[in-house]
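Okay, so here's the structure we're looking at.
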Amino acid sequence: MANGDGTAVVNSWNEWDTLREVVVGSADGACYEPTEPGNRPQVRDRPDEPFPTGPKPPEVIAKANEELDRLAEVLESRGIVVRRPAPYDFSQPLRTPHFGVENQYCAVCPRDVMITVGNEIIEATMSRRARYFEYEPYRHLVYEYWESDPRISWTVAPKPTMASAMYREEFWTWPLEERHRRMHQSEFCVTQDEVVFDAADMNRFGRDIVVQESMTTNRAGIRWLKRHLEPRGFRVHPVHFPLDYFPSHIDCTFVPLRTGLILTNPDRPLREDEVALFTENDWKLVEAPEPVLSNSEMPTHCQSSKWLSMNVLSISPTTVICEEQEAPLHDLLTDMGFEVLTVPFRNVFEFGGSLHCATWDIRRDGTAEDLFP
Ligand code: NVA
């Protein structure tokens, strides 16, 4: 396994070791996510209203940027190096041989597309057309890291066509009973023919990588990750949360906080046969408390659930950053011995992510550990 001494410029093996360098997203140039076969964005509680298109209003962008900048300041005050994405014009339409899309999305959530696995940076395939080029605002950083340290490897996962045949559009119209009936089949809006994954469907636990099968990661995507990572000494474990009928991105569902402890979503239990990996290795699964905001109180154009409450950023095995209004979660974490730092982040929710989504860790302390011996 490429397991150095932990001193490489890019070095991060799990979600909780002490953070030294991180990328924080930016709302500059953000657009509304377009309707496309892999995404049917809806105005919250008004599903019949057309979803806006094109650039988000400047005041919405400014409020989110204020919170992202505040997060950057808090991280810097703890001695963590903070890097930011390069400007990118998300209002540009895309045309490839296989699809066209009216505009792109944003660089608020680097976690969705970029992942550090040990000393390797992987750019995910992505699953939606509007996010096809979302790696671009981070490329200047990737080049800098890659040029500065020969121990760093850089992998771009195969780009899927994102042609119509890659999607199962009827997924969006299945009634609830149909979703329930199919809940163990793991068939969502992407088919199984091409390699598809978003980086945010992965959790890192040392040499073990957990990957959620979802609307944004299919079985071919997980096979690709297995074949890429297992020869390098990792073990890849697919996981499923059958009661989540619209699964996408694992970090509002299953959130490791330190060795032996995972914050779980009470509405989305892990599939029964998959729990043993954790319990048999003495990991404790602790349910997150009910979020302070209900689903209907989330920002109007936010496509994520109230469980953004549990999308926290660990900056060490003992310190976690949470959204400032999520008091029940602060209390739970404090009771479990964590130092809880808080920042306002509700205006970033509008863009579908919270603190974990809005960051991409470049360097943490530590090396590859075997946490599931
Ligand atoms: N799909 C997840 C969001 C993950 C950031 C949820 O809505 O809970």
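Each chain in the structure tokens gets a letter, A, B, ..., in the order shown, and its residues are numbered from 1; ligands are numbered from 1 in order too.
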
What are the nearest atom pairs, with distances in Å to one decimal, for all residues of chain A that come at most 8 Å from ligand 1, using only C-alpha atoms and all ligand atoms, set out by chain and rising residue number as CSV?
```
residue,atom,partner,partner_atom_place_in_ligand_line,distance
A:Ala200,CA,ligand 1,5 (C),7.7
A:Phe246,CA,ligand 1,1 (N),7.0
A:Pro247,CA,ligand 1,1 (N),5.5
A:Ser248,CA,ligand 1,1 (N),4.3
A:His249,CA,ligand 1,4 (C),4.6
A:Ile250,CA,ligand 1,4 (C),6.2
A:Asp251,CA,ligand 1,4 (C),5.6
A:Cys252,CA,ligand 1,8 (O),4.9
A:Thr253,CA,ligand 1,8 (O),6.8
A:Gln303,CA,ligand 1,7 (O),6.6
A:Ser304,CA,ligand 1,7 (O),3.4
A:Ser305,CA,ligand 1,7 (O),3.7
A:Lys306,CA,ligand 1,8 (O),6.6
A:Trp307,CA,ligand 1,8 (O),5.0
A:Leu308,CA,ligand 1,8 (O),6.1
A:Asn311,CA,ligand 1,5 (C),6.9
A:Gly352,CA,ligand 1,5 (C),6.3
A:Gly353,CA,ligand 1,5 (C),5.0
A:Ser354,CA,ligand 1,5 (C),7.1
A:Cys357,CA,ligand 1,5 (C),6.2
```

Nearby residues (only C-alpha atoms) at most 12 Å from Pro57 (chain A), same-chain spacing under 6 positions excluded, as a list in words: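 Contacts, with the query itself left out: Ala27, Asp28, Gly29, Ala30, Cys31, Tyr32, Lys63, Ala64, His301 and Glu350 of chain A.
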
Residues within 8 Å of Glu33 (chain A), only C-alpha atoms, excluding chain neighbours under 4 positions, as a list in words: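 Non-adjacent residues within range: Pro41, Thr53, Asn103, Gln104, Tyr105 and Ala130 of chain A.
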
Would you save the residues from that selection as a PDB file, in the first residue's frame, using N, CA, C and O atoms?
```
ATOM      1  N   PRO A  41     -34.657  19.236  -9.912  1.00  0.00           N
ATOM      2  CA  PRO A  41     -34.761  20.163  -8.781  1.00  0.00           C
ATOM      3  C   PRO A  41     -36.165  20.738  -8.656  1.00  0.00           C
ATOM      4  O   PRO A  41     -36.838  20.964  -9.659  1.00  0.00           O
ATOM      5  N   THR A  53     -33.638  29.163 -13.473  1.00  0.00           N
ATOM      6  CA  THR A  53     -32.442  28.750 -14.233  1.00  0.00           C
ATOM      7  C   THR A  53     -31.434  29.905 -14.218  1.00  0.00           C
ATOM      8  O   THR A  53     -31.777  31.016 -13.832  1.00  0.00           O
ATOM      9  N   ASN A 103     -26.783  25.459 -18.241  1.00  0.00           N
ATOM     10  CA  ASN A 103     -25.743  26.091 -17.413  1.00  0.00           C
ATOM     11  C   ASN A 103     -25.165  25.038 -16.485  1.00  0.00           C
ATOM     12  O   ASN A 103     -25.690  23.920 -16.390  1.00  0.00           O
ATOM     13  N   GLN A 104     -24.083  25.409 -15.778  1.00  0.00           N
ATOM     14  CA  GLN A 104     -23.435  24.478 -14.850  1.00  0.00           C
ATOM     15  C   GLN A 104     -23.840  24.853 -13.425  1.00  0.00           C
ATOM     16  O   GLN A 104     -24.807  25.610 -13.250  1.00  0.00           O
ATOM     17  N   TYR A 105     -23.167  24.339 -12.388  1.00  0.00           N
ATOM     18  CA  TYR A 105     -23.704  24.524 -11.041  1.00  0.00           C
ATOM     19  C   TYR A 105     -22.837  25.462 -10.194  1.00  0.00           C
ATOM     20  O   TYR A 105     -22.983  26.672 -10.271  1.00  0.00           O
ATOM     21  N   ALA A 130     -24.646  18.874 -15.435  1.00  0.00           N
ATOM     22  CA  ALA A 130     -24.243  20.238 -15.056  1.00  0.00           C
ATOM     23  C   ALA A 130     -22.984  20.237 -14.185  1.00  0.00           C
ATOM     24  O   ALA A 130     -22.415  21.295 -13.917  1.00  0.00           O
TER      25      ALA A 130
END
```

Pick from A:Phe254, A:Tyr135, A:Phe241, A:Trp13, whichever lies nearest to Glu369 (chain A) using only C-alpha atoms: A:Trp13

From a DSSP pass on the backbone, collect the residues of region 114-269 of chain A flagged as helix (DSSP H, G or I) and hand them back as a PDB file with N, CA and C atoms, in the first residue's frame.
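Result went into out_25.pdb, see below:
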```
ATOM      1  N   ARG A 129     -25.027  16.076 -15.566  1.00  0.00           N
ATOM      2  CA  ARG A 129     -24.426  16.821 -16.684  1.00  0.00           C
ATOM      3  C   ARG A 129     -23.881  18.174 -16.252  1.00  0.00           C
ATOM      4  N   ALA A 130     -24.646  18.874 -15.435  1.00  0.00           N
ATOM      5  CA  ALA A 130     -24.243  20.238 -15.056  1.00  0.00           C
ATOM      6  C   ALA A 130     -22.984  20.237 -14.185  1.00  0.00           C
ATOM      7  N   ARG A 131     -22.559  19.037 -13.752  1.00  0.00           N
ATOM      8  CA  ARG A 131     -21.386  18.953 -12.884  1.00  0.00           C
ATOM      9  C   ARG A 131     -20.199  18.274 -13.582  1.00  0.00           C
ATOM     10  N   GLU A 136     -12.791  21.545 -12.565  1.00  0.00           N
ATOM     11  CA  GLU A 136     -11.919  22.608 -13.101  1.00  0.00           C
ATOM     12  C   GLU A 136     -11.508  23.668 -12.087  1.00  0.00           C
ATOM     13  N   PRO A 137     -12.413  24.159 -11.222  1.00  0.00           N
ATOM     14  CA  PRO A 137     -11.978  25.196 -10.258  1.00  0.00           C
ATOM     15  C   PRO A 137     -10.920  24.717  -9.264  1.00  0.00           C
ATOM     16  N   TYR A 138     -10.659  23.393  -9.239  1.00  0.00           N
ATOM     17  CA  TYR A 138      -9.670  22.847  -8.285  1.00  0.00           C
ATOM     18  C   TYR A 138      -8.374  22.428  -8.976  1.00  0.00           C
ATOM     19  N   ARG A 139      -8.344  22.496 -10.298  1.00  0.00           N
ATOM     20  CA  ARG A 139      -7.185  21.969 -11.038  1.00  0.00           C
ATOM     21  C   ARG A 139      -5.885  22.716 -10.721  1.00  0.00           C
ATOM     22  N   HIS A 140      -5.993  24.046 -10.469  1.00  0.00           N
ATOM     23  CA  HIS A 140      -4.747  24.779 -10.158  1.00  0.00           C
ATOM     24  C   HIS A 140      -4.132  24.216  -8.886  1.00  0.00           C
ATOM     25  N   LEU A 141      -4.976  23.806  -7.940  1.00  0.00           N
ATOM     26  CA  LEU A 141      -4.474  23.241  -6.684  1.00  0.00           C
ATOM     27  C   LEU A 141      -3.903  21.846  -6.924  1.00  0.00           C
ATOM     28  N   VAL A 142      -4.621  21.057  -7.710  1.00  0.00           N
ATOM     29  CA  VAL A 142      -4.156  19.695  -7.994  1.00  0.00           C
ATOM     30  C   VAL A 142      -2.773  19.753  -8.636  1.00  0.00           C
ATOM     31  N   TYR A 143      -2.612  20.646  -9.627  1.00  0.00           N
ATOM     32  CA  TYR A 143      -1.300  20.770 -10.272  1.00  0.00           C
ATOM     33  C   TYR A 143      -0.226  21.188  -9.275  1.00  0.00           C
ATOM     34  N   GLU A 144      -0.599  22.139  -8.418  1.00  0.00           N
ATOM     35  CA  GLU A 144       0.401  22.619  -7.448  1.00  0.00           C
ATOM     36  C   GLU A 144       0.853  21.475  -6.532  1.00  0.00           C
ATOM     37  N   TYR A 145      -0.091  20.729  -6.001  1.00  0.00           N
ATOM     38  CA  TYR A 145       0.275  19.619  -5.096  1.00  0.00           C
ATOM     39  C   TYR A 145       1.078  18.560  -5.854  1.00  0.00           C
ATOM     40  N   TRP A 146       0.601  18.240  -7.045  1.00  0.00           N
ATOM     41  CA  TRP A 146       1.210  17.165  -7.823  1.00  0.00           C
ATOM     42  C   TRP A 146       2.638  17.523  -8.243  1.00  0.00           C
ATOM     43  N   GLU A 147       2.833  18.819  -8.598  1.00  0.00           N
ATOM     44  CA  GLU A 147       4.181  19.264  -8.988  1.00  0.00           C
ATOM     45  C   GLU A 147       5.111  19.325  -7.782  1.00  0.00           C
ATOM     46  N   SER A 148       4.559  19.610  -6.587  1.00  0.00           N
ATOM     47  CA  SER A 148       5.441  19.901  -5.453  1.00  0.00           C
ATOM     48  C   SER A 148       5.883  18.657  -4.699  1.00  0.00           C
ATOM     49  N   SER A 164     -28.559  10.135 -22.780  1.00  0.00           N
ATOM     50  CA  SER A 164     -29.882   9.797 -22.214  1.00  0.00           C
ATOM     51  C   SER A 164     -29.947   8.352 -21.745  1.00  0.00           C
ATOM     52  N   ALA A 165     -29.284   7.451 -22.467  1.00  0.00           N
ATOM     53  CA  ALA A 165     -29.363   6.027 -22.120  1.00  0.00           C
ATOM     54  C   ALA A 165     -28.714   5.716 -20.771  1.00  0.00           C
ATOM     55  N   MET A 166     -27.945   6.646 -20.246  1.00  0.00           N
ATOM     56  CA  MET A 166     -27.303   6.394 -18.950  1.00  0.00           C
ATOM     57  C   MET A 166     -28.281   6.571 -17.786  1.00  0.00           C
ATOM     58  N   GLU A 169     -35.200   7.730 -16.477  1.00  0.00           N
ATOM     59  CA  GLU A 169     -35.976   8.924 -16.141  1.00  0.00           C
ATOM     60  C   GLU A 169     -37.268   8.609 -15.394  1.00  0.00           C
ATOM     61  N   GLU A 170     -37.804   7.375 -15.610  1.00  0.00           N
ATOM     62  CA  GLU A 170     -39.074   7.071 -14.927  1.00  0.00           C
ATOM     63  C   GLU A 170     -38.897   7.036 -13.403  1.00  0.00           C
ATOM     64  N   PHE A 171     -37.642   6.913 -12.950  1.00  0.00           N
ATOM     65  CA  PHE A 171     -37.363   6.929 -11.516  1.00  0.00           C
ATOM     66  C   PHE A 171     -38.066   8.106 -10.827  1.00  0.00           C
ATOM     67  N   TRP A 172     -38.080   9.245 -11.487  1.00  0.00           N
ATOM     68  CA  TRP A 172     -38.593  10.461 -10.842  1.00  0.00           C
ATOM     69  C   TRP A 172     -40.099  10.400 -10.626  1.00  0.00           C
ATOM     70  N   THR A 173     -40.778   9.522 -11.376  1.00  0.00           N
ATOM     71  CA  THR A 173     -42.249   9.498 -11.255  1.00  0.00           C
ATOM     72  C   THR A 173     -42.751   8.284 -10.476  1.00  0.00           C
ATOM     73  N   LEU A 176     -44.606   6.458  -4.150  1.00  0.00           N
ATOM     74  CA  LEU A 176     -43.923   6.042  -2.923  1.00  0.00           C
ATOM     75  C   LEU A 176     -43.966   4.519  -2.719  1.00  0.00           C
ATOM     76  N   GLU A 177     -45.131   3.923  -3.028  1.00  0.00           N
ATOM     77  CA  GLU A 177     -45.259   2.460  -2.821  1.00  0.00           C
ATOM     78  C   GLU A 177     -44.261   1.719  -3.705  1.00  0.00           C
ATOM     79  N   GLU A 178     -44.095   2.226  -4.926  1.00  0.00           N
ATOM     80  CA  GLU A 178     -43.159   1.609  -5.861  1.00  0.00           C
ATOM     81  C   GLU A 178     -41.729   1.725  -5.306  1.00  0.00           C
ATOM     82  N   ARG A 179     -41.410   2.870  -4.751  1.00  0.00           N
ATOM     83  CA  ARG A 179     -40.071   3.077  -4.168  1.00  0.00           C
ATOM     84  C   ARG A 179     -39.854   2.108  -3.010  1.00  0.00           C
ATOM     85  N   HIS A 180     -40.915   1.939  -2.199  1.00  0.00           N
ATOM     86  CA  HIS A 180     -40.796   1.050  -1.054  1.00  0.00           C
ATOM     87  C   HIS A 180     -40.580  -0.390  -1.536  1.00  0.00           C
ATOM     88  N   ARG A 181     -41.365  -0.768  -2.540  1.00  0.00           N
ATOM     89  CA  ARG A 181     -41.265  -2.128  -3.079  1.00  0.00           C
ATOM     90  C   ARG A 181     -39.843  -2.385  -3.611  1.00  0.00           C
ATOM     91  N   ALA A 199     -17.830  11.791  -5.492  1.00  0.00           N
ATOM     92  CA  ALA A 199     -16.880  11.525  -4.398  1.00  0.00           C
ATOM     93  C   ALA A 199     -17.566  11.528  -3.035  1.00  0.00           C
ATOM     94  N   ALA A 200     -18.646  12.292  -2.914  1.00  0.00           N
ATOM     95  CA  ALA A 200     -19.297  12.430  -1.602  1.00  0.00           C
ATOM     96  C   ALA A 200     -20.087  11.195  -1.183  1.00  0.00           C
ATOM     97  N   ASP A 201     -20.106  10.159  -2.017  1.00  0.00           N
ATOM     98  CA  ASP A 201     -20.724   8.908  -1.571  1.00  0.00           C
ATOM     99  C   ASP A 201     -19.732   8.032  -0.810  1.00  0.00           C
ATOM    100  N   ARG A 219     -23.431   0.668  -9.322  1.00  0.00           N
ATOM    101  CA  ARG A 219     -22.585  -0.501  -8.998  1.00  0.00           C
ATOM    102  C   ARG A 219     -21.328  -0.530  -9.867  1.00  0.00           C
ATOM    103  N   ALA A 220     -21.417  -0.041 -11.098  1.00  0.00           N
ATOM    104  CA  ALA A 220     -20.212   0.006 -11.946  1.00  0.00           C
ATOM    105  C   ALA A 220     -19.200   1.000 -11.337  1.00  0.00           C
ATOM    106  N   GLY A 221     -19.708   2.079 -10.779  1.00  0.00           N
ATOM    107  CA  GLY A 221     -18.829   3.059 -10.112  1.00  0.00           C
ATOM    108  C   GLY A 221     -18.113   2.422  -8.934  1.00  0.00           C
ATOM    109  N   ILE A 222     -18.849   1.631  -8.164  1.00  0.00           N
ATOM    110  CA  ILE A 222     -18.228   0.970  -6.996  1.00  0.00           C
ATOM    111  C   ILE A 222     -17.222  -0.088  -7.470  1.00  0.00           C
ATOM    112  N   ARG A 223     -17.551  -0.774  -8.568  1.00  0.00           N
ATOM    113  CA  ARG A 223     -16.595  -1.773  -9.115  1.00  0.00           C
ATOM    114  C   ARG A 223     -15.307  -1.095  -9.555  1.00  0.00           C
ATOM    115  N   TRP A 224     -15.465   0.073 -10.183  1.00  0.00           N
ATOM    116  CA  TRP A 224     -14.270   0.803 -10.625  1.00  0.00           C
ATOM    117  C   TRP A 224     -13.422   1.190  -9.408  1.00  0.00           C
ATOM    118  N   LEU A 225     -14.075   1.678  -8.364  1.00  0.00           N
ATOM    119  CA  LEU A 225     -13.326   2.077  -7.157  1.00  0.00           C
ATOM    120  C   LEU A 225     -12.622   0.873  -6.545  1.00  0.00           C
ATOM    121  N   LYS A 226     -13.322  -0.259  -6.516  1.00  0.00           N
ATOM    122  CA  LYS A 226     -12.706  -1.488  -5.979  1.00  0.00           C
ATOM    123  C   LYS A 226     -11.469  -1.858  -6.788  1.00  0.00           C
ATOM    124  N   ARG A 227     -11.626  -1.883  -8.114  1.00  0.00           N
ATOM    125  CA  ARG A 227     -10.497  -2.324  -8.949  1.00  0.00           C
ATOM    126  C   ARG A 227      -9.354  -1.323  -8.931  1.00  0.00           C
ATOM    127  N   HIS A 228      -9.678  -0.070  -8.694  1.00  0.00           N
ATOM    128  CA  HIS A 228      -8.625   0.945  -8.616  1.00  0.00           C
ATOM    129  C   HIS A 228      -7.933   0.907  -7.258  1.00  0.00           C
ATOM    130  N   LEU A 229      -8.725   0.801  -6.179  1.00  0.00           N
ATOM    131  CA  LEU A 229      -8.153   0.981  -4.837  1.00  0.00           C
ATOM    132  C   LEU A 229      -7.652  -0.316  -4.202  1.00  0.00           C
ATOM    133  N   GLU A 230      -8.304  -1.442  -4.508  1.00  0.00           N
ATOM    134  CA  GLU A 230      -7.910  -2.657  -3.777  1.00  0.00           C
ATOM    135  C   GLU A 230      -6.481  -3.118  -4.103  1.00  0.00           C
ATOM    136  N   PRO A 231      -6.020  -3.021  -5.363  1.00  0.00           N
ATOM    137  CA  PRO A 231      -4.610  -3.372  -5.608  1.00  0.00           C
ATOM    138  C   PRO A 231      -3.645  -2.438  -4.875  1.00  0.00           C
ATOM    139  N   ARG A 232      -4.125  -1.285  -4.450  1.00  0.00           N
ATOM    140  CA  ARG A 232      -3.285  -0.337  -3.698  1.00  0.00           C
ATOM    141  C   ARG A 232      -3.397  -0.573  -2.191  1.00  0.00           C
ATOM    142  N   ILE A 250     -23.138  10.438   1.121  1.00  0.00           N
ATOM    143  CA  ILE A 250     -23.273   9.684   2.379  1.00  0.00           C
ATOM    144  C   ILE A 250     -23.182  10.576   3.621  1.00  0.00           C
ATOM    145  N   ASP A 251     -22.749  11.845   3.424  1.00  0.00           N
ATOM    146  CA  ASP A 251     -22.378  12.623   4.613  1.00  0.00           C
ATOM    147  C   ASP A 251     -23.525  13.349   5.326  1.00  0.00           C
ATOM    148  N   CYS A 252     -24.765  12.926   5.048  1.00  0.00           N
ATOM    149  CA  CYS A 252     -25.906  13.320   5.892  1.00  0.00           C
ATOM    150  C   CYS A 252     -26.549  12.053   6.424  1.00  0.00           C
TER     151      CYS A 252
END
```

Using only C-alpha atoms: which of A:Ala72, A:Ala368, A:Leu313, A:Ala358 has the shortest distance to Gly4 (chain A): A:Ala368

Separation of CA of Val236 (chain A) from CA of Val275 (chain A) in Å: 15.0 Å

Residue among A:Arg258, A:Arg20, A:Arg78, A:His98 lying closest to Leu341 (chain A), counting only C-alpha atoms: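 Between A:Arg258, A:Arg20, A:Arg78, A:His98, the residue approaching Leu341 (chain A) most closely is A:Arg78.
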
Which of region 175-230 of chain A DSSP labels strand (DSSP E or B), written as a PyMOL selection string: chain A and resi 190+202-205+208-212

Can you write out the residues you just picked, keeping N, CA and C atoms, as a compact mmCIF listing (two decimals), in the first residue's frame?
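The resulting file, again.txt, is reproduced below:
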```txt
# COMPACT_ATOMS: atom_id res chain seq x y z
N VAL A 190 -29.73 6.51 -12.27
CA VAL A 190 -28.68 6.14 -13.23
C VAL A 190 -28.72 4.63 -13.44
N MET A 202 -18.53 8.55 -0.57
CA MET A 202 -17.50 7.75 0.11
C MET A 202 -17.19 8.29 1.51
N ASN A 203 -16.93 7.36 2.43
CA ASN A 203 -16.34 7.68 3.74
C ASN A 203 -14.99 6.98 3.80
N ARG A 204 -14.01 7.63 4.39
CA ARG A 204 -12.68 7.02 4.51
C ARG A 204 -12.40 6.59 5.95
N PHE A 205 -12.02 5.33 6.12
CA PHE A 205 -11.69 4.78 7.44
C PHE A 205 -10.32 4.12 7.33
N ASP A 208 -9.88 1.18 4.86
CA ASP A 208 -11.23 0.78 4.44
C ASP A 208 -12.00 1.99 3.91
N ILE A 209 -12.59 1.79 2.74
CA ILE A 209 -13.37 2.86 2.12
C ILE A 209 -14.80 2.34 2.00
N VAL A 210 -15.74 3.12 2.53
CA VAL A 210 -17.15 2.74 2.50
C VAL A 210 -17.80 3.57 1.39
N VAL A 211 -18.56 2.92 0.51
CA VAL A 211 -19.19 3.65 -0.61
C VAL A 211 -20.68 3.36 -0.64
N GLN A 212 -21.47 4.41 -0.66
CA GLN A 212 -22.93 4.25 -0.71
C GLN A 212 -23.40 4.10 -2.16
```

Shortest interatomic distance to Asp89 (chain A) - which of A:Pro34, A:Gly54, A:Pro317, A:Pro266, counting only C-alpha atoms: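 Between A:Pro34, A:Gly54, A:Pro317, A:Pro266, the residue approaching Asp89 (chain A) most closely is A:Gly54.
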
Closest atom pairs, region 2-120 of chain A residues within 8 Å of region 359-366 of chain A, only C-alpha atoms, as JSON lines:
```
{"residue": "A:Gly6", "atom": "CA", "partner": "A:Gly366", "partner_atom": "CA", "distance": 5.5}
{"residue": "A:Val9", "atom": "CA", "partner": "A:Arg363", "partner_atom": "CA", "distance": 6.6}
{"residue": "A:Val10", "atom": "CA", "partner": "A:Arg363", "partner_atom": "CA", "distance": 5.2}
{"residue": "A:Asn11", "atom": "CA", "partner": "A:Arg363", "partner_atom": "CA", "distance": 4.6}
{"residue": "A:Ser12", "atom": "CA", "partner": "A:Arg364", "partner_atom": "CA", "distance": 5.0}
{"residue": "A:Trp13", "atom": "CA", "partner": "A:Gly366", "partner_atom": "CA", "distance": 7.1}
{"residue": "A:Asp17", "atom": "CA", "partner": "A:Arg364", "partner_atom": "CA", "distance": 5.7}
{"residue": "A:Thr18", "atom": "CA", "partner": "A:Arg364", "partner_atom": "CA", "distance": 5.2}
{"residue": "A:Leu19", "atom": "CA", "partner": "A:Arg364", "partner_atom": "CA", "distance": 4.3}
{"residue": "A:Arg20", "atom": "CA", "partner": "A:Arg364", "partner_atom": "CA", "distance": 5.3}
{"residue": "A:Glu21", "atom": "CA", "partner": "A:Arg363", "partner_atom": "CA", "distance": 5.0}
{"residue": "A:Val22", "atom": "CA", "partner": "A:Asp361", "partner_atom": "CA", "distance": 4.4}
{"residue": "A:Val23", "atom": "CA", "partner": "A:Trp360", "partner_atom": "CA", "distance": 5.1}
{"residue": "A:Val24", "atom": "CA", "partner": "A:Thr359", "partner_atom": "CA", "distance": 4.6}
{"residue": "A:Gly25", "atom": "CA", "partner": "A:Thr359", "partner_atom": "CA", "distance": 6.1}
{"residue": "A:Cys109", "atom": "CA", "partner": "A:Thr359", "partner_atom": "CA", "distance": 6.5}
{"residue": "A:Pro110", "atom": "CA", "partner": "A:Trp360", "partner_atom": "CA", "distance": 5.7}
{"residue": "A:Arg111", "atom": "CA", "partner": "A:Trp360", "partner_atom": "CA", "distance": 5.0}
{"residue": "A:Met114", "atom": "CA", "partner": "A:Trp360", "partner_atom": "CA", "distance": 6.8}
{"residue": "A:Ile115", "atom": "CA", "partner": "A:Trp360", "partner_atom": "CA", "distance": 6.8}
{"residue": "A:Thr116", "atom": "CA", "partner": "A:Ile362", "partner_atom": "CA", "distance": 6.4}
```

Now that the selection is made, can you save its residues with C-alpha atoms as an mmCIF file, in the first residue's frame?
```
data_model
loop_
_atom_site.group_PDB
_atom_site.id
_atom_site.type_symbol
_atom_site.label_atom_id
_atom_site.label_comp_id
_atom_site.auth_asym_id
_atom_site.auth_seq_id
_atom_site.Cartn_x
_atom_site.Cartn_y
_atom_site.Cartn_z
ATOM 1 C CA GLY A 6 2.293 10.887 6.762
ATOM 2 C CA VAL A 9 1.764 17.356 0.895
ATOM 3 C CA VAL A 10 -1.443 15.447 0.198
ATOM 4 C CA ASN A 11 -2.141 13.003 3.020
ATOM 5 C CA SER A 12 -5.571 12.162 4.397
ATOM 6 C CA TRP A 13 -6.727 8.672 5.342
ATOM 7 C CA ASP A 17 -7.481 12.992 12.031
ATOM 8 C CA THR A 18 -6.027 16.424 12.810
ATOM 9 C CA LEU A 19 -6.610 18.678 9.814
ATOM 10 C CA ARG A 20 -3.658 20.700 8.446
ATOM 11 C CA GLU A 21 -4.765 21.914 4.996
ATOM 12 C CA VAL A 22 -8.235 22.104 3.459
ATOM 13 C CA VAL A 23 -10.103 23.575 0.506
ATOM 14 C CA VAL A 24 -13.202 25.617 1.374
ATOM 15 C CA GLY A 25 -15.765 26.095 -1.420
ATOM 16 C CA CYS A 109 -19.161 21.726 -2.462
ATOM 17 C CA PRO A 110 -15.665 20.490 -3.394
ATOM 18 C CA ARG A 111 -16.377 17.284 -1.403
ATOM 19 C CA MET A 114 -12.750 15.720 -5.198
ATOM 20 C CA ILE A 115 -11.462 13.129 -2.729
ATOM 21 C CA THR A 116 -8.114 12.505 -1.095
#
```

Counting only C-alpha atoms, the residue of A:Ala124, A:Ala8, A:Arg70, A:Glu49 that sits nearest Pro150 (chain A): A:Ala8

Residue with smallest distance to Met298 (chain A) - pool A:Val340, A:Val348, A:Ile152, A:Val82, counting only C-alpha atoms: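 Using only C-alpha atoms, Met298 (chain A) sits closest to A:Val348.
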
CA of Phe278 (chain A) to CA of Glu326 (chain A), distance in Å rounded to a single decimal: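 About the pair CA of Phe278 (chain A) and CA of Glu326 (chain A): they are 26.7 Å apart.
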
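CA of Leu371 (chain A) is positioned 19.6 Å from CA of Glu120 (chain A).
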